[in-house]
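Printed here is upload.csv (CSV, C-alpha atoms):
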```
chain,number,residue,atom,x,y,z
A,1,MET,CA,135.2,33.0,90.9
A,2,LYS,CA,133.2,36.1,90.3
A,3,SER,CA,129.8,36.0,92.0
A,4,VAL,CA,126.5,37.1,90.4
A,5,LYS,CA,126.2,39.8,93.1
A,6,ASP,CA,129.6,41.2,92.0
A,7,MET,CA,128.5,41.1,88.4
A,8,VAL,CA,125.3,43.0,89.2
A,9,ALA,CA,127.2,45.6,91.2
A,10,ALA,CA,129.7,46.1,88.3
A,11,ALA,CA,126.8,46.5,85.9
A,12,ASN,CA,125.1,49.0,88.2
A,13,SER,CA,128.3,51.0,88.3
A,14,VAL,CA,128.1,51.7,84.5
A,15,VAL,CA,124.3,51.6,83.8
A,16,ALA,CA,121.6,54.1,84.8
A,17,HIS,CA,119.2,52.6,87.2
A,18,ALA,CA,116.5,53.6,89.7
A,19,PRO,CA,113.9,52.0,91.9
A,20,ALA,CA,110.4,51.6,90.4
A,21,THR,CA,109.1,54.6,92.4
A,22,GLU,CA,111.3,56.8,90.2
A,23,MET,CA,110.5,55.0,87.0
A,24,LEU,CA,106.7,55.1,87.2
A,25,ASP,CA,106.5,58.5,85.5
A,26,LEU,CA,108.2,57.0,82.4
A,27,HIS,CA,105.4,54.5,81.8
A,28,CYS,CA,103.4,55.3,78.7
A,29,GLN,CA,105.6,58.2,77.7
A,30,ASP,CA,106.3,58.5,74.0
A,31,GLY,CA,109.8,57.3,73.1
A,32,VAL,CA,110.2,55.0,76.1
A,33,THR,CA,110.1,51.2,75.8
A,34,PHE,CA,109.8,49.0,78.8
A,35,VAL,CA,111.4,45.6,78.2
A,36,ASP,CA,110.3,42.6,80.3
A,37,LEU,CA,113.2,40.1,80.5
A,38,ARG,CA,111.4,37.5,82.6
A,39,ASP,CA,110.6,33.9,81.6
A,40,PRO,CA,107.2,33.4,80.0
A,41,ARG,CA,106.1,31.4,83.0
A,42,GLU,CA,106.7,34.5,85.2
A,43,LEU,CA,104.6,36.6,82.9
A,44,GLU,CA,101.7,34.1,83.0
A,45,ARG,CA,101.9,33.8,86.8
A,46,ASP,CA,102.5,37.4,87.8
A,47,GLY,CA,101.4,39.6,84.8
A,48,MET,CA,103.5,42.4,83.3
A,49,ILE,CA,103.7,46.1,82.9
A,50,PRO,CA,101.1,47.0,80.3
A,51,GLY,CA,102.6,47.9,77.0
A,52,ALA,CA,106.0,46.4,77.8
A,53,PHE,CA,107.9,44.5,75.1
A,54,HIS,CA,108.7,41.0,76.2
A,55,CYS,CA,112.2,39.9,75.4
A,56,PRO,CA,113.2,36.6,77.1
A,57,ARG,CA,116.7,37.1,78.6
A,58,GLY,CA,118.2,34.4,76.5
A,59,MET,CA,117.3,36.1,73.2
A,60,LEU,CA,118.4,39.7,74.2
A,61,GLU,CA,121.7,39.9,72.3
A,62,PHE,CA,120.2,38.2,69.2
A,63,TRP,CA,117.2,40.6,69.1
A,64,ILE,CA,119.3,43.7,69.6
A,65,ASP,CA,121.9,43.0,66.9
A,66,PRO,CA,120.5,44.4,63.6
A,67,GLN,CA,122.7,41.9,61.7
A,68,SER,CA,121.2,38.9,63.5
A,69,PRO,CA,118.5,36.9,61.7
A,70,TYR,CA,116.5,37.2,64.9
A,71,ALA,CA,116.8,41.1,65.2
A,72,LYS,CA,113.6,42.8,66.4
A,73,PRO,CA,112.6,46.2,65.1
A,74,GLN,CA,111.7,47.3,68.7
A,75,PHE,CA,115.4,47.6,69.4
A,76,GLN,CA,116.0,49.8,66.3
A,77,THR,CA,113.7,52.6,67.3
A,78,GLY,CA,116.2,54.9,69.1
A,79,ASN,CA,113.8,54.9,72.1
A,80,ARG,CA,114.8,55.0,75.7
A,81,PHE,CA,114.8,51.4,77.0
A,82,VAL,CA,113.9,50.6,80.6
A,83,PHE,CA,114.7,46.9,81.3
A,84,TYR,CA,113.1,45.0,84.2
A,85,CYS,CA,113.0,41.5,85.6
A,86,ALA,CA,111.7,40.2,88.9
A,87,SER,CA,114.2,41.8,91.3
A,88,GLY,CA,116.7,43.8,89.3
A,89,TRP,CA,119.5,41.4,88.8
A,90,ARG,CA,118.9,40.1,85.3
A,91,SER,CA,117.9,43.6,84.2
A,92,ALA,CA,121.2,45.1,85.5
A,93,LEU,CA,123.2,42.6,83.4
A,94,SER,CA,120.9,43.0,80.4
A,95,ALA,CA,121.1,46.8,80.5
A,96,GLN,CA,124.9,46.5,80.6
A,97,ILE,CA,125.0,44.2,77.6
A,98,ALA,CA,122.5,46.4,75.6
A,99,GLN,CA,124.7,49.4,76.3
A,100,GLU,CA,127.9,47.5,75.3
A,101,MET,CA,126.1,46.5,72.0
A,102,GLY,CA,125.5,50.2,71.2
A,103,LEU,CA,121.9,50.9,72.5
A,104,GLU,CA,121.9,54.4,73.9
A,105,ASN,CA,119.7,55.7,76.7
A,106,VAL,CA,119.4,52.3,78.5
A,107,SER,CA,118.4,51.9,82.1
A,108,HIS,CA,116.8,49.4,84.4
A,109,ILE,CA,114.4,49.2,87.4
A,110,SER,CA,116.7,48.3,90.2
A,111,ASP,CA,114.1,46.7,92.4
A,112,GLY,CA,112.4,45.0,89.5
A,113,PHE,CA,108.8,44.0,88.9
A,114,GLY,CA,108.4,43.3,92.6
A,115,GLY,CA,109.3,47.0,93.3
A,116,TRP,CA,107.0,48.1,90.5
A,117,LYS,CA,104.0,46.3,92.1
A,118,ALA,CA,104.9,47.6,95.6
A,119,ALA,CA,105.1,51.1,94.2
A,120,GLY,CA,101.5,50.8,92.8
A,121,GLY,CA,102.6,50.5,89.2
A,122,SER,CA,99.9,49.2,86.8
A,123,VAL,CA,100.0,45.4,86.1
A,124,GLY,CA,98.3,43.7,83.2
A,125,GLU,CA,98.1,40.1,82.0
A,126,LYS,CA,100.5,38.7,79.5
A,127,PRO,CA,99.1,39.5,76.1
A,128,THR,CA,98.0,36.6,74.0
A,129,LYS,CA,99.3,36.1,70.5
```

Show me, as structure tokens, the structure contained in the file I just sent.
Amino acid sequence: MKSVKDMVAAANSVVAHAPATEMLDLHCQDGVTFVDLRDPRELERDGMIPGAFHCPRGMLEFWIDPQSPYAKPQFQTGNRFVFYCASGWRSALSAQIAQEMGLENVSHISDGFGGWKAAGGSVGEKPTK
């Protein structure tokens, strides 16, 4: 059986990644979309990176695929995508999937939202609909 730790290591071997301290400068840059993959309960409890696009991990493939009835225009922009989750594991796997599906210029925050907060990154509340 392949462990999650092995899967994350394999994803990190093929996907660009860096700790939050190195990703802070990308926040609010034109052409960069931060994608929050966490569960809605995590966003309500902990907040999120201001301006990030929330894509629950379970919908990622459906929202990326332009042929899917669930496709989201945010994934059709040609932007650079910076994925993040709580600790960097879900984002590693998600960035790998996104890359395999044809998104270019994909990366993830290797120490996740926890690293973002520790690095002094801005945190806002989950936007209300």

For atom CA of Gly121 of chain A and atom CA of Trp63 of chain A, quote the distance in Å rounded to one decimal.
26.7 Å

What residues have an atom no more than 8 Å from (102.9, 38.0, 85.5) in the file's own frame, counting only C-alpha atoms, and can you write them as JSON, numbers by chain?
{"A": [41, 42, 43, 44, 45, 46, 47, 48, 123, 124, 125, 126]}

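Taking all atoms listed in the file into account, Ser110 of chain A lies nearest to A:Ser91 out of the set A:Ser13, A:Ser91, A:Ser122, A:Gln76.
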
If you take all atoms listed in the file and a cut-off of 8 Å, which residues of segment 28-80 of chain A touch segment 92-104 of chain A, and what are their nearest atom pairs and distances in Å to one decimal, in chain and number order, as a Markdown table?
```
| residue | atom | partner | partner_atom | distance |
| --- | --- | --- | --- | --- |
| A:Arg57 | CA | A:Ser94 | CA | 7.5 |
| A:Leu60 | CA | A:Ser94 | CA | 7.5 |
| A:Glu61 | CA | A:Ala98 | CA | 7.3 |
| A:Ile64 | CA | A:Ala98 | CA | 7.3 |
| A:Asp65 | CA | A:Met101 | CA | 7.5 |
| A:Phe75 | CA | A:Leu103 | CA | 7.9 |
| A:Gly78 | CA | A:Glu104 | CA | 7.5 |
| A:Arg80 | CA | A:Glu104 | CA | 7.3 |
```

Hey, which of A:Gly120, A:Gly58, A:Gly88, A:Gly51 ends up closest to Asp30 of chain A? Count all atoms listed in the file.
A:Gly51

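Considering the residues A:Arg90, A:His27, A:His17, A:Lys2 and counting only C-alpha atoms, Asp39 of chain A has its shortest atom-to-atom contact with A:Arg90.
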
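Here atom CA of Thr77 of chain A stands at a distance of 22.6 Å from atom CA of Ala18 of chain A.
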
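Atom CA of Cys85 of chain A lies 8.6 Å from atom CA of Asp111 of chain A.
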
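Nearest residue to Ala16 of chain A, choosing from A:Lys117, A:Phe81, A:Pro127, A:Ser87 and counting only C-alpha atoms: A:Phe81.
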
Write out as JSON, numbers by chain which residues come within 6 Å of Asp36 of chain A when counting all atoms listed in the file, dropping same-chain ones fewer than 5 positions away.
{"A": [54, 55, 84]}

Calculate, to one decimal in Å, the centre and edge lengths of the box along x, y and z of the file that holds all listed atoms of segment 93-102 of chain A with 4 Å of margin on each side, and present them as lines of an AutoDock Vina configuration file.
```
center_x = 124.4
center_y = 46.4
center_z = 77.3
size_x = 15.0
size_y = 15.6
size_z = 20.2
```
